[in-house]
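Take a look at the structure set out below.
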Amino acid sequence: MSSETPSTPPTDAAGNPKVDGSELIRFDGVTKRFGDNTVLDNLEFSVASGKHVTLIGPSGSGKTTILRLLMTLLTPDEGTIMVDGEYLTHEERGGKLVRAGEKHTREVRKKIGMVFQQFNLFPNMKVLRNITEAPVHVLGMSKDEADERARGLLELVGLTEHVDKYPSQLSGGQQQRVAIARALAMRPQVLLLDEVTSALDPELVAGVLDVLRDIAHSTDITMLCVTHEMSFARDISDEVLMFNEGRVIESGSPEKMFNNPDHERTREFLSAVL
């Protein structure tokens, strides 16, 4: 499916594009450096539509960099990234692959939603408008349609009674649930989750993870997740990728990765965090 397809894709109960198991994300030879530090080293991996893939590994192994590249907050030094069959930061011109213009990148990036460690809500907007603002102004959705979708998403994340509150009137866990609803409101094909509970007080973590479990089990949305919550990774993942020094050193099902990993580095890491 390309951005030029004239018909609207069918959606699931949550309003997200349906999936067919085809390749949705591909990193091909991606290298990212910060000065002399190579954070991603000729990275090759892909994610199929509808799958929930979790990235694990020690801090500094490149996991969050992958998500930031997909959001185009960073650009690769080498290699290419494809989303739903289209280049993200490149485009073809005159038979050659060149750096993409902002318009092309913006269109492809619409297929991606992200929930950050920090909630990043607009403090001067009430909960409902925090969720409807981007669908109206970026997707061109009518205000009525955006309101209806936002209220449905607030029900999904258990916050219907907080629709008219400002972010400062909510707990950290509630703010993060609003941020999840806001990301889903854009009808992304893939939802990126970057350590979404790391900024929360411990007693608020379970509620946010329960919401994400519900989304994982009740919708078709593709998920790419970075987390140190191993029980959560075990519950929601179709595949777990172990990163070390900018490369995938092992991958497999949660049962395989958590119960009988092949790589010694994976066993060392899991013994430290489980």
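Residue names in the structure tokens use chain letters A, B, ... in the order shown, residue numbers from 1 in each chain, and ligand numbers from 1 in the order shown.
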
(request) Please return as a PyMOL selection string: the residues of stretch 29-265 of chain A that backbone DSSP assigns to helix (DSSP H, G or I). (result) chain A and resi 63-70+102-109+127-137+143-156+160-162+167-169+172-185+202-218+230-236+254-259+264-265

(message) Here is a test: counting only C-alpha atoms, which residue of A:Ile221, A:Ser22, A:Ser171, A:Ala48 is nearest to A:Glu203?
(response) A:Ser171

(message) With only C-alpha atoms as the counted atoms, please give the residues lying no more than 10 Å from stretch 75-79 of chain A, apart from itself and same-chain residues fewer than 3 positions off, as a ChimeraX atom specification.
(response) /A:27-34,40-44,65-66,68-72,88-90,99

Selected residues written out, C-alpha atoms, as a PDB file, in the first residue's frame:
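Listed below is the output, result_16.pdb:
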```
ATOM      1  CA  PHE A  27      16.516  -1.716   8.252  1.00  0.00           C
ATOM      2  CA  ASP A  28      19.056  -2.489   5.528  1.00  0.00           C
ATOM      3  CA  GLY A  29      22.718  -1.964   6.396  1.00  0.00           C
ATOM      4  CA  VAL A  30      21.915   0.899   8.792  1.00  0.00           C
ATOM      5  CA  THR A  31      24.847   2.452  10.605  1.00  0.00           C
ATOM      6  CA  LYS A  32      24.562   5.343  13.055  1.00  0.00           C
ATOM      7  CA  ARG A  33      27.511   7.055  14.682  1.00  0.00           C
ATOM      8  CA  PHE A  34      27.851   9.748  17.312  1.00  0.00           C
ATOM      9  CA  LEU A  40      24.281   0.891  15.195  1.00  0.00           C
ATOM     10  CA  ASP A  41      26.659  -1.204  13.122  1.00  0.00           C
ATOM     11  CA  ASN A  42      25.413  -2.286   9.672  1.00  0.00           C
ATOM     12  CA  LEU A  43      22.065  -3.230  11.209  1.00  0.00           C
ATOM     13  CA  GLU A  44      19.758  -5.609   9.340  1.00  0.00           C
ATOM     14  CA  THR A  65      18.344   4.901  18.462  1.00  0.00           C
ATOM     15  CA  ILE A  66      16.296   2.580  16.234  1.00  0.00           C
ATOM     16  CA  ARG A  68      14.482   7.706  16.962  1.00  0.00           C
ATOM     17  CA  LEU A  69      15.575   6.856  13.414  1.00  0.00           C
ATOM     18  CA  LEU A  70      12.048   5.674  12.605  1.00  0.00           C
ATOM     19  CA  MET A  71      10.645   8.955  13.939  1.00  0.00           C
ATOM     20  CA  THR A  72      13.281  10.801  11.850  1.00  0.00           C
ATOM     21  CA  LEU A  88      11.753   6.748   4.948  1.00  0.00           C
ATOM     22  CA  THR A  89      14.752   9.065   4.624  1.00  0.00           C
ATOM     23  CA  HIS A  90      15.509   8.422   0.950  1.00  0.00           C
ATOM     24  CA  ARG A  99      18.094  11.841   0.521  1.00  0.00           C
TER      25      ARG A  99
END
```

(request) Can you list, as a PyMOL selection string, all residues belonging to stretch 25-76 of chain A that DSSP tags as strand (DSSP E)? (result) chain A and resi 25-34+37-48+52-56

Export N, CA and C atoms of the chosen residues as a PDB file, in the first residue's frame?
```pdb
ATOM      1  N   ILE A  25       8.452  -2.888   8.309  1.00  0.00           N
ATOM      2  CA  ILE A  25       9.663  -2.108   8.583  1.00  0.00           C
ATOM      3  C   ILE A  25      10.872  -2.923   8.165  1.00  0.00           C
ATOM      4  N   ARG A  26      11.816  -2.272   7.485  1.00  0.00           N
ATOM      5  CA  ARG A  26      13.079  -2.937   7.160  1.00  0.00           C
ATOM      6  C   ARG A  26      14.242  -1.978   7.360  1.00  0.00           C
ATOM      7  N   PHE A  27      15.225  -2.397   8.130  1.00  0.00           N
ATOM      8  CA  PHE A  27      16.516  -1.716   8.252  1.00  0.00           C
ATOM      9  C   PHE A  27      17.512  -2.503   7.402  1.00  0.00           C
ATOM     10  N   ASP A  28      18.146  -1.830   6.459  1.00  0.00           N
ATOM     11  CA  ASP A  28      19.056  -2.489   5.528  1.00  0.00           C
ATOM     12  C   ASP A  28      20.430  -1.821   5.599  1.00  0.00           C
ATOM     13  N   GLY A  29      21.350  -2.481   6.292  1.00  0.00           N
ATOM     14  CA  GLY A  29      22.718  -1.964   6.396  1.00  0.00           C
ATOM     15  C   GLY A  29      22.816  -0.632   7.112  1.00  0.00           C
ATOM     16  N   VAL A  30      21.963  -0.409   8.127  1.00  0.00           N
ATOM     17  CA  VAL A  30      21.915   0.899   8.792  1.00  0.00           C
ATOM     18  C   VAL A  30      23.037   1.033   9.822  1.00  0.00           C
ATOM     19  N   THR A  31      23.805   2.088   9.650  1.00  0.00           N
ATOM     20  CA  THR A  31      24.847   2.452  10.605  1.00  0.00           C
ATOM     21  C   THR A  31      24.566   3.851  11.129  1.00  0.00           C
ATOM     22  N   LYS A  32      24.718   4.025  12.435  1.00  0.00           N
ATOM     23  CA  LYS A  32      24.562   5.343  13.055  1.00  0.00           C
ATOM     24  C   LYS A  32      25.711   5.574  14.015  1.00  0.00           C
ATOM     25  N   ARG A  33      26.386   6.702  13.825  1.00  0.00           N
ATOM     26  CA  ARG A  33      27.511   7.055  14.682  1.00  0.00           C
ATOM     27  C   ARG A  33      27.251   8.376  15.391  1.00  0.00           C
ATOM     28  N   PHE A  34      27.780   8.479  16.591  1.00  0.00           N
ATOM     29  CA  PHE A  34      27.851   9.748  17.312  1.00  0.00           C
ATOM     30  C   PHE A  34      29.320   9.998  17.596  1.00  0.00           C
ATOM     31  N   ASN A  37      31.741   7.011  18.262  1.00  0.00           N
ATOM     32  CA  ASN A  37      30.958   5.916  18.832  1.00  0.00           C
ATOM     33  C   ASN A  37      29.953   5.396  17.804  1.00  0.00           C
ATOM     34  N   THR A  38      30.123   4.161  17.379  1.00  0.00           N
ATOM     35  CA  THR A  38      29.184   3.539  16.453  1.00  0.00           C
ATOM     36  C   THR A  38      28.078   2.882  17.262  1.00  0.00           C
ATOM     37  N   VAL A  39      26.874   3.474  17.198  1.00  0.00           N
ATOM     38  CA  VAL A  39      25.749   2.992  18.014  1.00  0.00           C
ATOM     39  C   VAL A  39      25.005   1.865  17.305  1.00  0.00           C
ATOM     40  N   LEU A  40      24.839   1.967  15.992  1.00  0.00           N
ATOM     41  CA  LEU A  40      24.281   0.891  15.195  1.00  0.00           C
ATOM     42  C   LEU A  40      25.298   0.529  14.128  1.00  0.00           C
ATOM     43  N   ASP A  41      25.560  -0.754  13.959  1.00  0.00           N
ATOM     44  CA  ASP A  41      26.659  -1.204  13.122  1.00  0.00           C
ATOM     45  C   ASP A  41      26.135  -2.115  12.011  1.00  0.00           C
ATOM     46  N   ASN A  42      25.869  -1.518  10.835  1.00  0.00           N
ATOM     47  CA  ASN A  42      25.413  -2.286   9.672  1.00  0.00           C
ATOM     48  C   ASN A  42      24.193  -3.141  10.023  1.00  0.00           C
ATOM     49  N   LEU A  43      23.210  -2.514  10.654  1.00  0.00           N
ATOM     50  CA  LEU A  43      22.065  -3.230  11.209  1.00  0.00           C
ATOM     51  C   LEU A  43      21.122  -3.726  10.115  1.00  0.00           C
ATOM     52  N   GLU A  44      20.736  -4.993  10.237  1.00  0.00           N
ATOM     53  CA  GLU A  44      19.758  -5.609   9.340  1.00  0.00           C
ATOM     54  C   GLU A  44      18.669  -6.236  10.199  1.00  0.00           C
ATOM     55  N   PHE A  45      17.429  -5.765  10.050  1.00  0.00           N
ATOM     56  CA  PHE A  45      16.314  -6.475  10.666  1.00  0.00           C
ATOM     57  C   PHE A  45      15.012  -5.958  10.080  1.00  0.00           C
ATOM     58  N   SER A  46      13.949  -6.749  10.267  1.00  0.00           N
ATOM     59  CA  SER A  46      12.654  -6.357   9.730  1.00  0.00           C
ATOM     60  C   SER A  46      11.557  -6.737  10.704  1.00  0.00           C
ATOM     61  N   VAL A  47      10.409  -6.082  10.533  1.00  0.00           N
ATOM     62  CA  VAL A  47       9.231  -6.328  11.360  1.00  0.00           C
ATOM     63  C   VAL A  47       8.050  -6.530  10.421  1.00  0.00           C
ATOM     64  N   ALA A  48       7.313  -7.615  10.606  1.00  0.00           N
ATOM     65  CA  ALA A  48       6.138  -7.887   9.783  1.00  0.00           C
ATOM     66  C   ALA A  48       4.927  -7.175  10.358  1.00  0.00           C
ATOM     67  N   HIS A  52       4.263  -8.035  17.158  1.00  0.00           N
ATOM     68  CA  HIS A  52       4.739  -7.270  18.314  1.00  0.00           C
ATOM     69  C   HIS A  52       6.173  -7.712  18.580  1.00  0.00           C
ATOM     70  N   VAL A  53       7.104  -6.816  18.345  1.00  0.00           N
ATOM     71  CA  VAL A  53       8.528  -7.125  18.450  1.00  0.00           C
ATOM     72  C   VAL A  53       9.138  -6.282  19.557  1.00  0.00           C
ATOM     73  N   THR A  54       9.854  -6.933  20.467  1.00  0.00           N
ATOM     74  CA  THR A  54      10.481  -6.233  21.587  1.00  0.00           C
ATOM     75  C   THR A  54      11.992  -6.298  21.456  1.00  0.00           C
ATOM     76  N   LEU A  55      12.628  -5.146  21.658  1.00  0.00           N
ATOM     77  CA  LEU A  55      14.082  -5.031  21.626  1.00  0.00           C
ATOM     78  C   LEU A  55      14.597  -5.016  23.050  1.00  0.00           C
ATOM     79  N   ILE A  56      15.479  -5.952  23.379  1.00  0.00           N
ATOM     80  CA  ILE A  56      16.086  -5.980  24.704  1.00  0.00           C
ATOM     81  C   ILE A  56      17.596  -5.901  24.561  1.00  0.00           C
TER      82      ILE A  56
END
```

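Closest to A:Gln117 among A:Leu200, A:Arg267, A:Pro261, A:Met242 is A:Leu200, based on only C-alpha atoms.
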
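Atom CA of A:Leu121 is found 6.8 Å from atom CA of A:Ala179.
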
(request) For each of A:Gly57, A:Leu159, A:Pro167, A:Lys51, take the minimum atom-to-atom distance to A:Ile249, counting only C-alpha atoms, then give the residue where this is smallest. (result) A:Gly57

(request) Quote the spacing between atom CA of A:Asp235 and atom CA of A:Ser49 in Å to one decimal place. (result) 18.4 Å

(request) Just the residues within 8 Å of stretch 182-187 of chain A, please, counting only C-alpha atoms, with nothing from its chain fewer than 4 positions along; format it as a PyMOL selection string. (result) chain A and resi 15-17+110-111+113-115+130-132+134-135+139+146+149-150+153+178+191

Okay, now the selection with all heavy atoms, as a compact mmCIF listing (two decimals), in the first residue's frame?
```
# COMPACT_ATOMS: atom_id res chain seq x y z
N GLY A 15 -9.77 1.22 14.80
CA GLY A 15 -9.55 2.22 13.76
C GLY A 15 -8.18 2.18 13.15
O GLY A 15 -7.81 3.05 12.38
N ASN A 16 -7.38 1.17 13.46
CA ASN A 16 -6.04 1.07 12.89
C ASN A 16 -6.09 0.26 11.60
O ASN A 16 -6.93 -0.61 11.43
CB ASN A 16 -5.11 0.37 13.88
CG ASN A 16 -5.00 1.15 15.16
OD1 ASN A 16 -4.71 2.33 15.14
ND2 ASN A 16 -5.27 0.50 16.28
N PRO A 17 -5.18 0.53 10.65
CA PRO A 17 -5.17 -0.23 9.41
C PRO A 17 -5.03 -1.72 9.68
O PRO A 17 -4.24 -2.13 10.53
CB PRO A 17 -3.95 0.33 8.67
CG PRO A 17 -3.73 1.68 9.25
CD PRO A 17 -4.16 1.58 10.68
N LYS A 110 3.84 9.49 8.80
CA LYS A 110 2.46 9.45 9.30
C LYS A 110 2.03 8.04 9.67
O LYS A 110 1.08 7.85 10.43
CB LYS A 110 1.50 10.01 8.26
CG LYS A 110 1.53 11.52 8.09
CD LYS A 110 0.52 11.95 7.03
CE LYS A 110 0.54 13.45 6.80
NZ LYS A 110 -0.41 13.85 5.73
N LYS A 111 2.72 7.06 9.12
CA LYS A 111 2.36 5.66 9.39
C LYS A 111 2.91 5.18 10.74
O LYS A 111 2.65 4.04 11.13
CB LYS A 111 2.90 4.77 8.27
CG LYS A 111 2.37 5.14 6.89
CD LYS A 111 3.00 4.32 5.80
CE LYS A 111 2.49 4.77 4.43
NZ LYS A 111 3.05 3.97 3.33
N GLY A 113 3.51 5.87 14.92
CA GLY A 113 3.19 6.57 16.15
C GLY A 113 4.19 6.19 17.22
O GLY A 113 4.72 5.08 17.20
N MET A 114 4.47 7.10 18.14
CA MET A 114 5.46 6.80 19.18
C MET A 114 4.99 7.31 20.52
O MET A 114 4.44 8.40 20.64
CB MET A 114 6.82 7.41 18.83
CG MET A 114 7.91 7.05 19.83
SD MET A 114 9.57 7.39 19.16
CE MET A 114 10.60 6.91 20.56
N VAL A 115 5.22 6.49 21.54
CA VAL A 115 5.01 6.89 22.93
C VAL A 115 6.38 6.96 23.59
O VAL A 115 7.11 5.96 23.62
CB VAL A 115 4.10 5.90 23.68
CG1 VAL A 115 3.82 6.41 25.09
CG2 VAL A 115 2.79 5.68 22.93
N ASN A 130 -5.68 17.47 23.51
CA ASN A 130 -4.36 16.86 23.34
C ASN A 130 -4.42 15.72 22.33
O ASN A 130 -3.47 15.50 21.57
CB ASN A 130 -3.83 16.34 24.68
CG ASN A 130 -2.80 17.26 25.32
OD1 ASN A 130 -1.66 17.29 24.88
ND2 ASN A 130 -3.22 18.01 26.32
N ILE A 131 -5.54 15.00 22.33
CA ILE A 131 -5.67 13.84 21.46
C ILE A 131 -6.17 14.23 20.07
O ILE A 131 -5.77 13.64 19.07
CB ILE A 131 -6.62 12.80 22.10
CG1 ILE A 131 -6.03 12.34 23.45
CG2 ILE A 131 -6.85 11.61 21.18
CD1 ILE A 131 -6.97 11.48 24.26
N THR A 132 -7.02 15.24 19.97
CA THR A 132 -7.62 15.60 18.68
C THR A 132 -6.78 16.57 17.85
O THR A 132 -6.98 16.68 16.64
CB THR A 132 -9.01 16.24 18.88
OG1 THR A 132 -8.88 17.45 19.64
CG2 THR A 132 -9.95 15.28 19.60
N ALA A 134 -3.64 16.77 16.62
CA ALA A 134 -2.90 16.30 15.45
C ALA A 134 -3.79 15.66 14.39
O ALA A 134 -3.60 15.94 13.20
CB ALA A 134 -1.80 15.33 15.89
N PRO A 135 -4.76 14.82 14.75
CA PRO A 135 -5.64 14.28 13.69
C PRO A 135 -6.35 15.36 12.88
O PRO A 135 -6.51 15.22 11.67
CB PRO A 135 -6.64 13.43 14.48
CG PRO A 135 -5.89 12.99 15.69
CD PRO A 135 -5.03 14.16 16.04
N LEU A 139 -3.86 15.16 9.83
CA LEU A 139 -4.58 14.22 8.97
C LEU A 139 -5.76 14.86 8.26
O LEU A 139 -6.32 14.26 7.34
CB LEU A 139 -5.08 13.03 9.80
CG LEU A 139 -4.02 12.16 10.47
CD1 LEU A 139 -4.69 10.98 11.17
CD2 LEU A 139 -2.97 11.68 9.49
N ALA A 146 -12.70 13.42 14.94
CA ALA A 146 -11.58 13.36 15.86
C ALA A 146 -12.05 13.25 17.31
O ALA A 146 -11.48 12.49 18.10
CB ALA A 146 -10.69 14.60 15.69
N ARG A 149 -13.34 9.69 17.89
CA ARG A 149 -12.23 8.74 18.01
C ARG A 149 -11.50 8.93 19.32
O ARG A 149 -11.14 7.96 19.99
CB ARG A 149 -11.28 8.90 16.83
CG ARG A 149 -10.07 7.96 16.93
CD ARG A 149 -9.45 7.70 15.59
NE ARG A 149 -8.22 6.93 15.72
CZ ARG A 149 -8.15 5.63 15.93
NH1 ARG A 149 -9.25 4.93 16.07
NH2 ARG A 149 -6.98 5.01 16.00
N ALA A 150 -11.28 10.17 19.73
CA ALA A 150 -10.57 10.45 20.98
C ALA A 150 -11.33 9.88 22.17
O ALA A 150 -10.73 9.29 23.08
CB ALA A 150 -10.36 11.95 21.15
N LEU A 153 -10.88 6.18 22.31
CA LEU A 153 -9.55 5.82 22.78
C LEU A 153 -9.40 6.07 24.28
O LEU A 153 -8.73 5.31 24.98
CB LEU A 153 -8.49 6.60 22.00
CG LEU A 153 -8.31 6.13 20.54
CD1 LEU A 153 -7.49 7.14 19.75
CD2 LEU A 153 -7.67 4.75 20.49
N VAL A 178 -2.84 8.97 28.40
CA VAL A 178 -3.27 9.97 27.42
C VAL A 178 -2.31 9.99 26.23
O VAL A 178 -2.72 10.07 25.07
CB VAL A 178 -3.38 11.37 28.05
CG1 VAL A 178 -3.67 12.42 26.97
CG2 VAL A 178 -4.46 11.41 29.12
N LEU A 191 3.21 1.19 16.17
CA LEU A 191 3.32 1.96 17.40
C LEU A 191 4.67 1.66 18.03
O LEU A 191 4.99 0.50 18.33
CB LEU A 191 2.19 1.60 18.37
CG LEU A 191 2.14 2.38 19.69
CD1 LEU A 191 1.85 3.87 19.42
CD2 LEU A 191 1.07 1.79 20.61
```

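With only C-alpha atoms as the atoms that count, the residue of A:Tyr166, A:Phe269, A:Phe232, A:Phe116 with the shortest distance to A:Val196 is A:Phe116.
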
(request) Find the residue from A:Leu241, A:Arg234, A:Pro188, A:Gln174 that sits nearest to A:Thr219; use only C-alpha atoms when measuring. (result) A:Pro188

(message) Rounded to one decimal, what separation in Å do you get between atom CA of A:Asn120 and atom CA of A:Ser61?
(response) 24.7 Å
